[in-house]
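Student: Structure file coords14.cif (mmCIF, C-alpha atoms) is given on the next line.
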```cif
data_start
loop_
_atom_site.label_atom_id
_atom_site.label_comp_id
_atom_site.auth_asym_id
_atom_site.auth_seq_id
_atom_site.Cartn_x
_atom_site.Cartn_y
_atom_site.Cartn_z
CA MET A 700 -44.17 -100.34 26.61
CA ALA A 701 -46.96 -98.63 24.82
CA SER A 702 -47.79 -96.55 27.82
CA PHE A 703 -44.16 -95.58 28.22
CA LEU A 704 -44.08 -94.39 24.68
CA ASN A 705 -47.19 -92.35 25.24
CA ILE A 706 -45.75 -90.61 28.27
CA THR A 707 -42.35 -89.73 26.83
CA SER A 708 -43.28 -88.87 23.29
CA PRO A 709 -43.76 -85.29 22.23
CA PRO A 710 -47.21 -83.80 22.24
CA PHE A 711 -47.63 -83.89 18.49
CA PHE A 712 -47.30 -87.70 18.54
CA SER A 713 -50.64 -89.38 19.22
CA SER A 714 -51.24 -92.95 20.42
CA ARG A 715 -52.44 -93.89 16.96
CA THR A 716 -49.64 -92.46 14.96
CA SER A 717 -46.65 -93.07 17.16
CA LEU A 718 -46.07 -96.58 15.83
CA SER A 719 -46.86 -96.01 12.17
CA PRO A 720 -44.83 -93.76 9.86
CA SER A 721 -46.47 -90.67 8.40
CA PRO A 722 -46.43 -90.03 4.68
CA PRO A 723 -43.61 -87.76 3.45
CA PRO A 724 -44.57 -84.13 3.04
CA THR A 725 -45.04 -82.81 -0.43
CA LEU A 726 -42.62 -80.35 -2.12
CA THR A 727 -45.12 -77.51 -1.80
CA ALA A 728 -45.47 -78.04 1.92
CA GLN A 729 -41.72 -78.08 2.41
CA LEU A 730 -41.33 -74.77 0.54
CA THR A 731 -44.12 -73.23 2.59
CA GLN A 732 -42.49 -74.30 5.83
CA PHE A 733 -39.07 -73.01 4.60
CA LYS A 734 -40.52 -69.59 3.81
CA LYS A 735 -42.26 -69.36 7.16
CA GLY A 736 -39.04 -70.22 9.00
CA TRP A 737 -36.91 -67.69 7.17
CA CYS A 738 -39.55 -65.00 7.52
CA TRP A 739 -39.57 -65.62 11.24
CA LYS A 740 -35.80 -65.39 11.39
CA LEU A 741 -35.71 -62.14 9.46
CA LYS A 742 -38.28 -60.61 11.75
CA CYS A 743 -36.79 -61.69 15.03
CA MET A 744 -33.01 -61.89 14.57
CA PRO A 745 -31.06 -58.71 15.40
CA SER A 746 -29.01 -57.04 12.68
CA SER A 747 -25.30 -57.80 12.64
CA GLY A 748 -22.24 -56.98 10.60
CA PRO A 749 -21.83 -53.84 8.55
CA SER A 750 -25.49 -52.91 8.78
CA GLN A 751 -25.17 -52.60 12.57
CA GLU A 752 -22.23 -50.19 12.25
CA THR A 753 -24.19 -48.14 9.77
CA ASP A 754 -27.16 -47.84 12.11
CA SER A 755 -24.95 -46.76 15.00
CA GLU A 756 -23.50 -43.78 13.10
CA PRO A 757 -25.52 -40.56 13.08
CA PRO A 758 -26.84 -39.57 9.69
CA GLU A 759 -24.82 -36.97 7.80
CA THR A 760 -26.59 -33.72 7.12
CA ALA A 761 -25.63 -30.96 4.72
CA PRO A 762 -24.51 -27.65 6.28
CA SER A 763 -27.39 -25.33 6.69
CA PRO A 764 -27.33 -21.73 5.41
CA SER A 765 -27.22 -20.49 8.98
CA ASN A 766 -23.95 -22.36 9.60
CA SER A 767 -22.42 -20.88 6.46
CA ALA A 768 -23.53 -17.41 7.53
CA SER A 769 -21.95 -17.90 10.96
CA LEU A 770 -18.62 -18.89 9.39
CA LEU A 771 -18.70 -15.81 7.16
CA SER A 772 -19.66 -13.69 10.13
CA SER A 773 -16.73 -14.89 12.26
CA SER A 774 -14.32 -14.21 9.39
CA SER A 775 -15.81 -10.76 8.90
CA VAL A 776 -15.50 -9.94 12.59
CA SER A 777 -11.78 -10.78 12.41
CA THR A 778 -11.39 -8.52 9.37
CA TYR A 779 -13.22 -5.65 11.08
CA ASN A 780 -10.94 -5.95 14.13
CA TRP A 781 -7.86 -5.75 11.93
CA CYS A 782 -9.27 -2.72 10.13
CA ALA A 783 -10.01 -1.00 13.43
CA GLY A 784 -6.50 -1.66 14.78
CA LEU A 785 -4.44 -0.78 11.70
CA GLY A 786 -6.70 2.16 10.87
CA GLY A 787 -6.18 3.50 14.40
CA VAL A 788 -2.39 3.34 14.02
CA GLY A 789 -2.59 5.15 10.68
CA PHE A 790 -4.90 7.78 12.19
CA LEU A 791 -2.41 8.57 14.96
CA GLU A 792 0.50 8.80 12.52
CA THR A 793 -1.26 11.11 10.08
CA ALA A 794 -2.68 13.23 12.92
CA TYR A 795 0.89 13.86 14.11
CA LEU A 796 2.02 14.77 10.59
CA THR A 797 -1.01 17.03 10.14
CA PHE A 798 -0.08 18.92 13.29
CA LEU A 799 3.48 19.36 12.03
CA LYS A 800 2.27 20.52 8.62
CA LEU A 801 -0.20 23.08 9.98
CA THR A 802 2.24 24.45 12.57
CA ASN A 803 5.23 24.38 10.19
CA SER A 804 7.21 22.32 12.70
CA ASP A 805 10.05 19.90 12.10
CA ALA A 806 9.27 16.19 12.03
CA PHE A 807 11.19 13.79 14.25
CA CYS A 808 12.79 11.24 11.91
CA PRO A 809 14.14 8.13 13.65
CA ILE A 810 15.82 7.13 10.36
CA GLY A 811 17.12 9.47 7.68
CA GLY A 812 17.77 12.63 9.69
CA GLY A 813 15.89 15.65 8.36
CA ASN A 814 14.62 13.99 5.19
CA CYS A 815 11.12 13.58 6.62
CA GLY A 816 10.83 17.34 7.01
CA ASP A 817 11.96 17.91 3.42
CA VAL A 818 9.20 15.64 2.09
CA LEU A 819 6.58 17.12 4.39
CA SER A 820 7.42 20.69 3.32
CA SER A 821 7.52 19.93 -0.41
CA ASP A 822 4.80 20.69 -2.96
CA TYR A 823 3.88 17.01 -3.08
CA ALA A 824 2.59 17.19 0.50
CA VAL A 825 -0.45 19.18 -0.70
CA VAL A 826 -3.31 17.95 -2.92
CA PHE A 827 -5.60 20.68 -4.31
CA GLY A 828 -4.52 22.97 -1.48
CA VAL A 829 -5.34 20.40 1.23
CA PRO A 830 -2.44 19.00 3.29
CA LEU A 831 -1.85 15.38 2.33
CA PRO A 832 -1.53 14.20 5.98
CA LEU A 833 -5.01 15.63 6.65
CA ILE A 834 -6.46 13.55 3.80
CA GLY A 835 -4.71 10.48 5.20
CA MET A 836 -6.01 11.18 8.70
CA ILE A 837 -9.59 11.31 7.39
CA SER A 838 -9.15 8.08 5.39
CA TYR A 839 -7.58 6.11 8.24
CA GLY A 840 -10.13 7.50 10.68
CA LEU A 841 -12.99 6.36 8.44
CA VAL A 842 -11.61 2.82 8.12
CA ALA A 843 -10.94 2.60 11.87
CA ALA A 844 -14.43 3.88 12.72
CA LEU A 845 -16.13 1.44 10.34
CA GLY A 846 -14.08 -1.50 11.60
CA LEU A 847 -14.73 -0.60 15.24
CA GLN A 848 -18.45 -0.16 14.64
CA TRP A 849 -18.96 -3.28 12.56
CA SER A 850 -16.82 -5.53 14.76
CA GLY A 851 -19.69 -5.32 17.22
CA LYS A 852 -22.15 -6.26 14.44
CA LYS A 853 -23.64 -2.79 14.47
CA PHE A 854 -24.51 -1.59 10.99
CA PRO A 855 -26.02 1.92 11.11
CA PHE A 856 -28.25 3.52 8.49
CA GLY A 857 -29.63 0.11 7.53
CA ILE A 858 -26.40 -0.97 5.83
CA GLU A 859 -26.17 -4.70 5.21
CA GLU A 860 -22.96 -6.57 5.98
CA SER A 861 -22.30 -7.32 2.30
CA ASN A 862 -22.51 -3.60 1.46
CA GLY A 863 -20.29 -2.80 4.42
CA ARG A 864 -17.59 -5.15 3.16
CA LEU A 865 -17.85 -3.54 -0.28
CA LEU A 866 -17.50 -0.05 1.24
CA LEU A 867 -14.36 -1.10 3.12
CA LEU A 868 -12.92 -2.60 -0.05
CA GLY A 869 -13.46 0.68 -1.91
CA CYS A 870 -11.79 2.73 0.84
CA THR A 871 -8.76 0.46 1.18
CA THR A 872 -8.38 0.20 -2.60
CA SER A 873 -8.13 3.99 -2.97
CA MET A 874 -5.65 4.18 -0.08
CA ALA A 875 -3.44 1.44 -1.51
CA VAL A 876 -3.40 3.04 -4.96
CA ALA A 877 -2.51 6.44 -3.49
CA SER A 878 0.30 4.90 -1.42
CA GLY A 879 1.71 3.21 -4.50
CA TYR A 880 1.64 6.54 -6.36
CA PHE A 881 3.44 8.33 -3.52
CA LEU A 882 6.10 5.61 -3.34
CA TYR A 883 6.75 6.28 -7.02
CA ILE A 884 7.05 10.03 -6.31
CA LEU A 885 9.39 9.32 -3.38
CA SER A 886 11.70 7.17 -5.51
CA THR A 887 11.81 9.57 -8.49
CA LYS A 888 11.48 13.10 -7.08
CA PHE A 889 13.26 12.45 -3.76
CA SER A 890 15.94 10.03 -4.84
CA GLY A 891 18.14 9.00 -1.92
CA THR A 892 15.68 10.36 0.63
CA SER A 893 14.43 8.10 3.40
CA CYS A 894 10.98 8.90 4.79
CA THR A 895 10.01 6.61 7.66
CA TYR A 896 6.48 7.96 7.91
CA CYS A 897 5.89 7.50 4.18
CA LEU A 898 6.95 3.85 4.31
CA LEU A 899 4.86 3.18 7.43
CA SER A 900 1.78 4.70 5.82
CA ALA A 901 2.30 2.61 2.68
CA PHE A 902 2.65 -0.56 4.77
CA LEU A 903 -0.59 0.17 6.63
CA SER A 904 -2.50 0.95 3.43
CA PHE A 905 -1.40 -2.22 1.63
CA SER A 906 -2.10 -4.33 4.73
CA LEU A 907 -5.63 -2.96 5.03
CA PHE A 908 -6.25 -3.62 1.34
CA PHE A 909 -5.16 -7.28 1.41
CA ILE A 910 -6.93 -7.96 4.73
CA THR A 911 -10.18 -6.64 3.28
CA LEU A 912 -9.66 -8.45 -0.02
CA LYS A 913 -9.20 -11.88 1.59
CA ASP A 914 -12.87 -11.99 2.62
CA PHE A 915 -13.95 -11.99 -1.01
CA GLY A 916 -13.98 -15.16 -3.04
CA LEU A 917 -12.57 -15.43 -6.54
CA GLU A 918 -15.96 -14.95 -8.15
CA GLU A 919 -16.65 -11.84 -6.06
CA ILE A 920 -13.23 -10.38 -6.85
CA GLN A 921 -13.87 -10.84 -10.57
CA LYS A 922 -17.29 -9.28 -10.14
CA PHE A 923 -15.94 -6.11 -8.45
CA LEU A 924 -12.69 -5.88 -10.45
CA GLY A 925 -14.18 -3.21 -12.72
CA LEU A 926 -15.18 -1.11 -9.71
CA GLN A 927 -11.68 -1.32 -8.26
CA LEU A 928 -10.12 -0.28 -11.55
CA CYS A 929 -12.45 2.73 -11.72
CA ILE A 930 -11.46 3.78 -8.19
CA ALA A 931 -7.76 3.42 -9.02
CA SER A 932 -8.18 5.49 -12.19
CA VAL A 933 -9.97 8.29 -10.34
CA VAL A 934 -7.27 8.44 -7.65
CA ILE A 935 -4.38 8.55 -10.13
CA PHE A 936 -6.14 11.12 -12.34
CA SER A 937 -6.84 13.39 -9.35
CA LEU A 938 -3.25 13.28 -8.09
CA ASN A 939 -1.84 13.90 -11.56
CA THR A 940 -4.15 16.87 -12.05
CA SER A 941 -3.22 18.38 -8.68
CA TYR A 942 0.53 18.11 -9.20
CA ALA A 943 0.32 19.26 -12.82
CA THR A 944 -1.40 22.45 -11.58
CA LEU A 945 1.42 23.06 -9.11
CA GLN A 946 4.03 22.55 -11.79
CA ARG A 947 2.32 25.04 -14.12
CA ALA A 948 2.10 27.58 -11.31
CA SER A 949 5.80 27.28 -10.53
CA SER A 950 7.07 26.83 -14.08
CA SER A 951 8.17 30.47 -14.27
CA VAL A 952 10.34 30.09 -11.18
CA ALA A 953 13.61 28.29 -11.83
CA ASP A 954 14.77 25.71 -9.33
CA ILE A 955 17.26 27.36 -7.01
CA ASN A 956 20.20 25.42 -5.65
CA LEU A 957 22.63 27.66 -3.78
CA GLU A 958 25.65 26.36 -1.93
CA TYR A 959 26.49 28.17 1.27
CA PHE A 960 29.03 30.95 0.91
CA THR A 961 30.34 33.84 2.97
CA THR A 962 30.81 37.49 1.97
CA GLU A 963 33.78 39.41 3.22
CA ILE A 964 33.16 42.62 5.19
CA THR A 965 35.50 45.28 3.84
CA THR A 966 34.55 48.45 5.78
CA PRO A 967 36.42 49.31 8.98
CA SER A 968 34.55 49.58 12.28
CA SER A 969 34.23 52.83 14.21
CA PRO A 970 34.66 52.96 18.00
CA PHE A 971 30.93 53.56 18.33
CA ALA A 972 30.10 50.47 16.21
CA ILE A 973 32.45 48.29 18.26
CA SER A 974 30.96 49.56 21.54
CA LEU A 975 27.42 49.04 20.27
CA ALA A 976 28.22 45.52 19.05
CA ARG A 977 29.63 44.62 22.47
CA HIS A 978 26.54 46.05 24.16
CA LEU A 979 24.20 44.11 21.86
CA GLN A 980 26.16 40.94 22.56
CA SER A 981 25.94 41.44 26.33
CA THR A 982 22.18 41.97 26.23
CA GLY A 983 21.56 38.83 24.16
CA ALA A 984 20.34 40.67 21.07
CA LYS A 985 20.31 38.51 17.94
CA MET A 986 20.42 39.23 14.26
CA TYR A 987 18.78 36.60 12.02
CA GLY A 988 19.81 36.49 8.39
CA ALA A 989 20.58 34.42 5.29
CA PHE A 990 23.86 34.15 3.42
CA TRP A 991 22.20 35.18 0.14
CA CYS A 992 20.40 38.21 1.62
CA SER A 993 21.85 41.50 0.32
CA HIS A 994 20.27 43.56 3.13
CA CYS A 995 21.97 41.33 5.68
CA GLN A 996 25.33 42.08 4.08
CA GLU A 997 24.57 45.82 4.09
CA GLN A 998 23.75 45.64 7.81
CA LYS A 999 27.11 44.01 8.52
CA GLN A 1000 28.89 46.59 6.41
CA MET A 1001 27.36 49.32 8.65
CA PHE A 1002 29.06 47.76 11.68
CA GLY A 1003 32.32 47.10 9.90
CA LYS A 1004 34.57 44.09 9.92
CA GLU A 1005 35.63 44.14 13.59
CA ALA A 1006 32.20 44.91 15.04
CA ALA A 1007 30.36 42.46 12.80
CA GLU A 1008 32.38 39.63 14.24
CA LEU A 1009 31.08 40.53 17.74
CA LEU A 1010 27.38 40.30 16.82
CA ASN A 1011 25.16 37.35 17.76
CA TYR A 1012 24.39 36.49 14.17
CA VAL A 1013 22.17 33.47 13.37
CA GLU A 1014 22.45 31.99 9.87
CA CYS A 1015 19.09 30.46 8.94
CA PHE A 1016 20.39 28.39 6.01
CA PRO A 1017 23.82 27.07 7.04
CA ASN A 1018 23.61 24.12 4.60
CA GLY A 1019 22.71 26.12 1.53
CA PHE A 1020 19.35 26.85 -0.04
CA ARG A 1021 17.20 25.11 -2.62
CA LYS A 1022 13.50 24.91 -3.30
CA GLY A 1023 11.74 23.32 -0.38
CA THR A 1024 14.58 23.80 2.12
CA LYS A 1025 13.42 24.84 5.56
CA MET A 1026 15.10 27.22 7.99
CA ILE A 1027 16.86 25.84 11.02
CA LYS A 1028 14.77 25.43 14.15
CA ALA A 1029 16.07 28.61 15.85
CA CYS A 1030 14.88 30.72 12.93
CA ALA A 1031 11.58 28.86 12.61
CA ASP A 1032 10.86 29.35 16.32
CA ALA A 1033 11.49 33.08 15.94
CA LYS A 1034 8.70 33.21 13.29
CA LEU A 1035 10.65 35.45 10.97
CA GLU A 1036 8.95 37.37 8.19
CA GLY A 1037 12.06 38.49 6.36
CA PHE A 1038 15.80 39.14 6.55
CA PRO A 1039 17.47 40.63 8.40
CA THR A 1040 15.45 40.50 11.61
CA TRP A 1041 16.64 41.82 14.97
CA VAL A 1042 15.29 40.54 18.28
CA ILE A 1043 16.33 42.91 21.08
CA ASN A 1044 14.86 42.61 24.58
CA GLY A 1045 11.83 40.81 23.13
CA GLN A 1046 11.24 43.48 20.50
CA VAL A 1047 11.34 42.45 16.83
CA LEU A 1048 12.81 44.80 14.21
CA SER A 1049 12.49 43.76 10.56
CA GLY A 1050 14.92 44.94 7.89
CA ASP A 1051 18.31 46.62 8.17
CA GLN A 1052 18.42 49.25 10.92
CA GLU A 1053 20.49 52.35 11.54
CA LEU A 1054 23.05 51.99 14.31
CA SER A 1055 21.40 54.81 16.26
CA GLU A 1056 18.08 53.00 16.19
CA LEU A 1057 19.69 49.80 17.43
CA ALA A 1058 21.34 51.76 20.23
CA LYS A 1059 18.02 53.34 21.22
CA VAL A 1060 16.09 50.10 21.30
CA SER A 1061 18.81 48.25 23.20
CA GLY A 1062 19.28 51.04 25.76
CA PHE A 1063 22.84 51.82 24.75
CA LYS A 1064 23.91 55.26 25.96
CA ILE A 1065 25.58 57.23 23.22
CA GLU A 1066 28.56 59.15 24.59
CA GLU A 1067 29.72 62.34 23.06
CA SER A 1068 33.00 60.83 21.94
CA ASN A 1069 31.22 57.85 20.39
CA GLN A 1070 28.60 59.61 18.31
CA PRO A 1071 27.80 57.69 15.13
CA SER A 1072 29.15 59.39 12.07
#
```
Once you've parsed the file, please lay out its structure as structure tokens.
Tutor:
Amino acid sequence: MASFLNITSPPFFSSRTSLSPSPPPTLTAQLTQFKKGWCWKLKCMPSSGPSQETDSEPPETAPSPSNSASLLSSSSVSTYNWCAGLGGVGFLETAYLTFLKLTNSDAFCPIGGGNCGDVLSSDYAVVFGVPLPLIGMISYGLVAALGLQWSGKKFPFGIEESNGRLLLLGCTTSMAVASGYFLYILSTKFSGTSCTYCLLSAFLSFSLFFITLKDFGLEEIQKFLGLQLCIASVVIFSLNTSYATLQRASSSVADINLEYFTTEITTPSSPFAISLARHLQSTGAKMYGAFWCSHCQEQKQMFGKEAAELLNYVECFPNGFRKGTKMIKACADAKLEGFPTWVINGQVLSGDQELSELAKVSGFKIEESNQPS
């Protein structure tokens, strides 16, 4: 029995102590053993619970300055693309209007009929002697060029991106203020007039201004508010000065508003005048004149009532005349310098002409019986 106990007992039981009880451990020994056991558990047991979930998540890091710069850069690229696109549309529009202004041609108005031409030919279409469409073409071209250049992150002359954004803001601010001023002129000086090109230009200017402004935070806007106000003041002061100069120059000339009227021809026509009028009509000769022109009436009186009705007469102001009114297209194409003007076989004769001179130029053979008196 003793040997059986020795074989099956654990190693820490000896043959001398297996049958006799050991003294109980002291309190200090128990605490020491407890600490050793818990220390072993803390070192060897894997973490569980919320601490394990925390370890599995990647640590959160604050956004670096480079990330913030990339976000700003992507936003700026979008703004530059918008500026390039809208500026290009404005450049094409103002280039077309500049061509019309310099060549004194009529503008095609999809809405409003001939009102666009009236605005383009008025005194308000010139600023300090420079055609207003030309100024707009330069402004839109500058914005489009800057947007196209900077959309590819190319900043010439060592310009930093922050300065480039500030330059665009200054340009678009001046354009928006000028457009607002011209809308005021359009509504007060051209009441009832619809100008499609004016409204399109104003829409483009305001769009460019707000697109550029959205890249600036509230603190930056407050910082540059004084600069924007200075730009707006300069633009308004310049336009007021230019138009005040024009008004002083034309103050001595009263505004003319003539309704169209006709003057009766009272003299009778001679056989020679009737024959000459028929000949001029057959050759396509034209007489250009204006209803208010006294020399034109004298020329008709030379022909007489019957013959004057046979002439190819072109009235250049069939809808009346007032300041800023343009001639009809047929008269503008003829490039007239005064009234009346004859165009006979490609030859231009200015002023009222004697019947014999008209016969000579047109190749009319004067018969003995039809000699002019």
Student: CA of Thr871 in chain A and CA of Ser906 in chain A, how far apart in Å?
Tutor: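 That distance, rounded to one decimal, is 8.9 Å.
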Student: Identify which of the residues A:Ile920, A:Leu785, A:Val876, A:Val933 lies closest to Gly846 in chain A, counting all atoms listed in the file when measuring atom-to-atom distances.
Tutor: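 Between A:Ile920, A:Leu785, A:Val876, A:Val933, the residue approaching Gly846 in chain A most closely is A:Leu785.
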Student: Written as a short mmCIF file (atom, residue, chain, number, x, y, z; two decimals) with C-alpha atoms, in the coordinates of the input, what is the full residue list that the PyMOL selection byres ((chain A and resi 926) around 12) yields on the file shown?
Tutor:
```cif
data_model
loop_
_atom_site.label_atom_id
_atom_site.label_comp_id
_atom_site.auth_asym_id
_atom_site.auth_seq_id
_atom_site.Cartn_x
_atom_site.Cartn_y
_atom_site.Cartn_z
CA LEU A 865 -17.85 -3.54 -0.28
CA LEU A 866 -17.50 -0.05 1.24
CA LEU A 868 -12.92 -2.60 -0.05
CA GLY A 869 -13.46 0.68 -1.91
CA CYS A 870 -11.79 2.73 0.84
CA THR A 872 -8.38 0.20 -2.60
CA SER A 873 -8.13 3.99 -2.97
CA GLU A 919 -16.65 -11.84 -6.06
CA ILE A 920 -13.23 -10.38 -6.85
CA GLN A 921 -13.87 -10.84 -10.57
CA LYS A 922 -17.29 -9.28 -10.14
CA PHE A 923 -15.94 -6.11 -8.45
CA LEU A 924 -12.69 -5.88 -10.45
CA GLY A 925 -14.18 -3.21 -12.72
CA GLN A 927 -11.68 -1.32 -8.26
CA LEU A 928 -10.12 -0.28 -11.55
CA CYS A 929 -12.45 2.73 -11.72
CA ILE A 930 -11.46 3.78 -8.19
CA ALA A 931 -7.76 3.42 -9.02
CA SER A 932 -8.18 5.49 -12.19
CA VAL A 933 -9.97 8.29 -10.34
#
```
Student: Please, what distance in Å, to one decimal, runs between CA of Val825 in chain A and CA of Ala1031 in chain A?
Tutor: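 Those two atoms sit 20.4 Å apart.
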Student: When distances are computed from all atoms listed in the file, which of A:Asn803, A:Thr940, A:Thr793, A:Ser861 shows the smallest separation from Cys1030 in chain A?
Tutor: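 Closest to Cys1030 in chain A, using all atoms listed in the file: A:Asn803.
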Student: Quick check, in Å to one decimal: how far apart do CA of Cys1015 in chain A and CA of Lys1028 in chain A lie?
Tutor: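 We find that CA of Cys1015 in chain A and CA of Lys1028 in chain A lie 8.4 Å from each other.
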Student: Quick check on the file I pasted: which residues fall under the PyMOL selection byres ((chain A and resi 819) around 9)? Write them as an MDAnalysis selection string.
Tutor: chainID A and resid 796 799:800 805:806 814:818 820:825 831:832
Student: Using all atoms listed in the file, what table do you get, as a tab-separated table, when you list each residue of range 983-1059 of chain A with an atom no more than 12 Å from range 951-971 of chain A, its nearest pair of atoms, and their distance in Å rounded to one decimal, rows by chain then rising number?
Tutor:
```
residue	atom	partner	partner_atom	distance
A:Ala989	CA	A:Tyr959	CA	9.5
A:Phe990	CA	A:Thr961	CA	6.5
A:Trp991	CA	A:Phe960	CA	8.1
A:Cys992	CA	A:Thr962	CA	10.4
A:Ser993	CA	A:Thr962	CA	10.0
A:Cys995	CA	A:Thr962	CA	10.3
A:Gln996	CA	A:Thr962	CA	7.5
A:Glu997	CA	A:Ile964	CA	9.2
A:Gln998	CA	A:Ile964	CA	10.2
A:Lys999	CA	A:Ile964	CA	7.0
A:Gln1000	CA	A:Ile964	CA	6.0
A:Met1001	CA	A:Thr966	CA	7.8
A:Phe1002	CA	A:Ser968	CA	5.8
A:Gly1003	CA	A:Ser968	CA	4.1
A:Lys1004	CA	A:Ile964	CA	5.1
A:Glu1005	CA	A:Ser968	CA	5.7
A:Ala1006	CA	A:Ser968	CA	5.9
A:Ala1007	CA	A:Ile964	CA	8.1
A:Glu1008	CA	A:Ile964	CA	9.6
A:Leu1009	CA	A:Ser968	CA	11.1
A:Glu1014	CA	A:Tyr959	CA	10.2
A:Cys1015	CA	A:Tyr959	CA	10.9
A:Phe1016	CA	A:Tyr959	CA	7.7
A:Pro1017	CA	A:Tyr959	CA	6.5
A:Asn1018	CA	A:Tyr959	CA	6.0
A:Gly1019	CA	A:Tyr959	CA	4.3
A:Phe1020	CA	A:Leu957	CA	5.0
A:Arg1021	CA	A:Asn956	CA	4.3
A:Lys1022	CA	A:Ile955	CA	5.8
A:Gly1023	CA	A:Ile955	CA	9.5
A:Thr1024	CA	A:Asn956	CA	9.7
A:Leu1054	CA	A:Phe971	CA	9.0
A:Ser1055	CA	A:Phe971	CA	9.8
A:Leu1057	CA	A:Phe971	CA	11.9
A:Ala1058	CA	A:Phe971	CA	9.9
```
